[in-house]
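Okay, so here's the structure we're looking at.
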Amino acid sequence: MVDHHKHPAEKPNFSIRARLKSFVYAGRGIRWLAQDEHNAWLHLGASLSAVIAGLALHISFNDWRWIVTAIAFVWVTEAINTAIEDLCNWVSPQFDQAIGRIKDIAAGAVLVASMAAAVIGLLTLGPPLLKVTGWL
């Protein structure tokens, strides 16, 4: 018997296999981001530098929370920006002023996230670095 109350676009029932597949798709997206986006390479360098500095300076557990949050914030905004840019390029391959504005706003979000991460990095890693160097 057909259930006529069920919307045709309704999601299928939960399955472990489908959830595991979603991790594969997400991993593929992260791989594409890391391989294809030059700015992601810069973010990777900054992320690794922050982690190496944190390890070298033996920062506290609470400080690691800030560093991890800052790194994640930048990567999430870069991923969203890339998705928006790719979608805009697919929808409108030719120049369009409105599409350009959308892409600029998304890129601006990455800039804000990166600047915030840099400030968090300085506030978190600066004092221990100054102590180690004898400047504090």
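Each chain in the structure tokens gets a letter, A, B and so on, in the order shown; residues start at 1 in every chain, and ligands are counted from 1 in the order they appear.
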Task: Neighbour list for Leu111 (chain A) as an MDAnalysis selection string, cut-off 12 Å, only C-alpha atoms, skip fewer than 3 positions in-chain - done: chainID A and resid 39 43 73:75 77:78 81 104:108 114:118
File dump, residues just selected, C-alpha atoms, as a tab-separated table (two decimals), in the first residue's frame:
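Output (part.tsv):
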chain	number	residue	atom	x	y	z
A	39	ASN	CA	44.50	30.09	-0.23
A	43	HIS	CA	45.79	28.32	5.69
A	73	PHE	CA	36.93	28.96	11.95
A	74	VAL	CA	39.31	29.81	9.10
A	75	TRP	CA	38.95	26.41	7.40
A	77	THR	CA	34.92	29.94	6.14
A	78	GLU	CA	37.39	28.99	3.38
A	81	ASN	CA	33.73	30.58	0.36
A	104	ASP	CA	33.56	39.34	-2.68
A	105	ILE	CA	31.38	39.12	0.42
A	106	ALA	CA	32.23	35.43	0.86
A	107	ALA	CA	35.93	36.20	0.41
A	108	GLY	CA	35.57	38.99	2.97
A	114	SER	CA	41.84	34.92	9.16
A	115	MET	CA	42.39	38.24	10.91
A	116	ALA	CA	40.53	37.00	13.99
A	117	ALA	CA	42.63	33.81	13.96
A	118	ALA	CA	45.81	35.87	13.73
Can you tell me which residues surround Trp66 (chain A) at a distance of at most 10 Å, considering only C-alpha atoms, apart from same-chain residues fewer than 5 positions away, and format the answer as a PDB file with C-alpha atoms, in the first residue's frame?
ATOM      1  CA  PHE A  61      44.688  22.894  27.454  1.00  0.00           C
ATOM      2  CA  ILE A  71      41.990  27.106  12.901  1.00  0.00           C
ATOM      3  CA  ALA A  72      38.552  25.552  12.437  1.00  0.00           C
ATOM      4  CA  ALA A 117      42.629  33.813  13.964  1.00  0.00           C
ATOM      5  CA  ILE A 120      43.825  34.797  18.681  1.00  0.00           C
ATOM      6  CA  GLY A 121      47.203  33.339  17.756  1.00  0.00           C
ATOM      7  CA  LEU A 123      47.069  36.635  22.190  1.00  0.00           C
ATOM      8  CA  THR A 124      47.469  32.919  22.871  1.00  0.00           C
TER       9      THR A 124
END
Task: Nearest-residue call for Ile80 (chain A), choices A:Ala98, A:Ile16, A:Ile30, A:Leu130, using only C-alpha atoms - done: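 With only C-alpha atoms as the atom set, the closest residue is A:Ile30.
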DSSP alpha helix (DSSP H) residues within region 2-88 of chain A, as an mmCIF file with C-alpha atoms, in the first residue's frame:
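What ended up in result-v1.cif:
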data_model
loop_
_atom_site.group_PDB
_atom_site.id
_atom_site.type_symbol
_atom_site.label_atom_id
_atom_site.label_comp_id
_atom_site.auth_asym_id
_atom_site.auth_seq_id
_atom_site.Cartn_x
_atom_site.Cartn_y
_atom_site.Cartn_z
ATOM 1 C CA ILE A 16 24.703 3.456 8.993
ATOM 2 C CA ARG A 17 25.881 2.799 5.434
ATOM 3 C CA ALA A 18 24.509 6.161 4.222
ATOM 4 C CA ARG A 19 26.128 7.962 7.175
ATOM 5 C CA LEU A 20 29.485 6.347 6.430
ATOM 6 C CA LYS A 21 29.120 7.338 2.780
ATOM 7 C CA SER A 22 28.554 10.942 3.852
ATOM 8 C CA PHE A 23 31.991 10.890 5.508
ATOM 9 C CA VAL A 24 33.484 9.775 2.184
ATOM 10 C CA TYR A 25 31.804 12.711 0.417
ATOM 11 C CA ALA A 26 32.961 15.150 3.101
ATOM 12 C CA GLY A 27 36.503 13.809 2.912
ATOM 13 C CA ARG A 28 36.461 14.238 -0.857
ATOM 14 C CA GLY A 29 35.382 17.861 -0.387
ATOM 15 C CA ILE A 30 38.219 18.519 2.056
ATOM 16 C CA ARG A 31 40.682 16.894 -0.362
ATOM 17 C CA TRP A 32 39.441 19.089 -3.239
ATOM 18 C CA LEU A 33 39.706 22.164 -1.037
ATOM 19 C CA ALA A 34 43.275 21.338 -0.007
ATOM 20 C CA GLN A 35 44.380 20.384 -3.527
ATOM 21 C CA ASP A 36 42.714 23.069 -5.630
ATOM 22 C CA HIS A 38 45.816 28.181 -3.239
ATOM 23 C CA ASN A 39 44.503 30.087 -0.233
ATOM 24 C CA ALA A 40 43.909 26.755 1.495
ATOM 25 C CA TRP A 41 47.642 26.098 1.155
ATOM 26 C CA LEU A 42 48.305 29.334 3.029
ATOM 27 C CA HIS A 43 45.787 28.318 5.685
ATOM 28 C CA LEU A 44 47.466 24.925 5.961
ATOM 29 C CA GLY A 45 50.839 26.591 6.514
ATOM 30 C CA ALA A 46 49.403 28.925 9.133
ATOM 31 C CA SER A 47 47.546 26.049 10.827
ATOM 32 C CA LEU A 48 50.669 23.887 10.994
ATOM 33 C CA SER A 49 52.722 26.834 12.266
ATOM 34 C CA ALA A 50 50.213 27.483 15.058
ATOM 35 C CA VAL A 51 50.160 23.812 16.066
ATOM 36 C CA ILE A 52 53.963 23.538 16.001
ATOM 37 C CA ALA A 53 54.291 26.750 18.034
ATOM 38 C CA GLY A 54 51.692 25.519 20.521
ATOM 39 C CA LEU A 55 53.521 22.220 20.951
ATOM 40 C CA ALA A 56 56.916 23.893 21.252
ATOM 41 C CA LEU A 57 55.621 26.401 23.795
ATOM 42 C CA PHE A 61 44.688 22.894 27.454
ATOM 43 C CA ASN A 62 42.586 26.079 27.557
ATOM 44 C CA ASP A 63 44.928 27.775 25.097
ATOM 45 C CA TRP A 64 44.607 24.791 22.740
ATOM 46 C CA ARG A 65 40.859 25.362 22.707
ATOM 47 C CA TRP A 66 41.435 28.839 21.285
ATOM 48 C CA ILE A 67 43.975 27.677 18.715
ATOM 49 C CA VAL A 68 41.775 24.817 17.497
ATOM 50 C CA THR A 69 38.729 27.091 17.340
ATOM 51 C CA ALA A 70 40.643 29.715 15.346
ATOM 52 C CA ILE A 71 41.990 27.106 12.901
ATOM 53 C CA ALA A 72 38.552 25.552 12.437
ATOM 54 C CA PHE A 73 36.932 28.963 11.946
ATOM 55 C CA VAL A 74 39.306 29.815 9.099
ATOM 56 C CA TRP A 75 38.952 26.408 7.404
ATOM 57 C CA VAL A 76 35.155 26.459 7.646
ATOM 58 C CA THR A 77 34.918 29.938 6.139
ATOM 59 C CA GLU A 78 37.391 28.991 3.382
ATOM 60 C CA ALA A 79 35.349 25.887 2.554
ATOM 61 C CA ILE A 80 32.091 27.855 2.445
ATOM 62 C CA ASN A 81 33.733 30.577 0.358
ATOM 63 C CA THR A 82 35.044 27.994 -2.105
ATOM 64 C CA ALA A 83 31.632 26.330 -2.358
ATOM 65 C CA ILE A 84 29.974 29.696 -3.001
ATOM 66 C CA GLU A 85 32.570 30.619 -5.629
ATOM 67 C CA ASP A 86 32.236 27.257 -7.386
ATOM 68 C CA LEU A 87 28.447 27.507 -7.401
ATOM 69 C CA CYS A 88 28.562 31.098 -8.691
#
TODO: Grab the CA of His58 (chain A) to CA of Thr133 (chain A) distance for me, in Å with one decimal place.
DONE: 14.1 Å
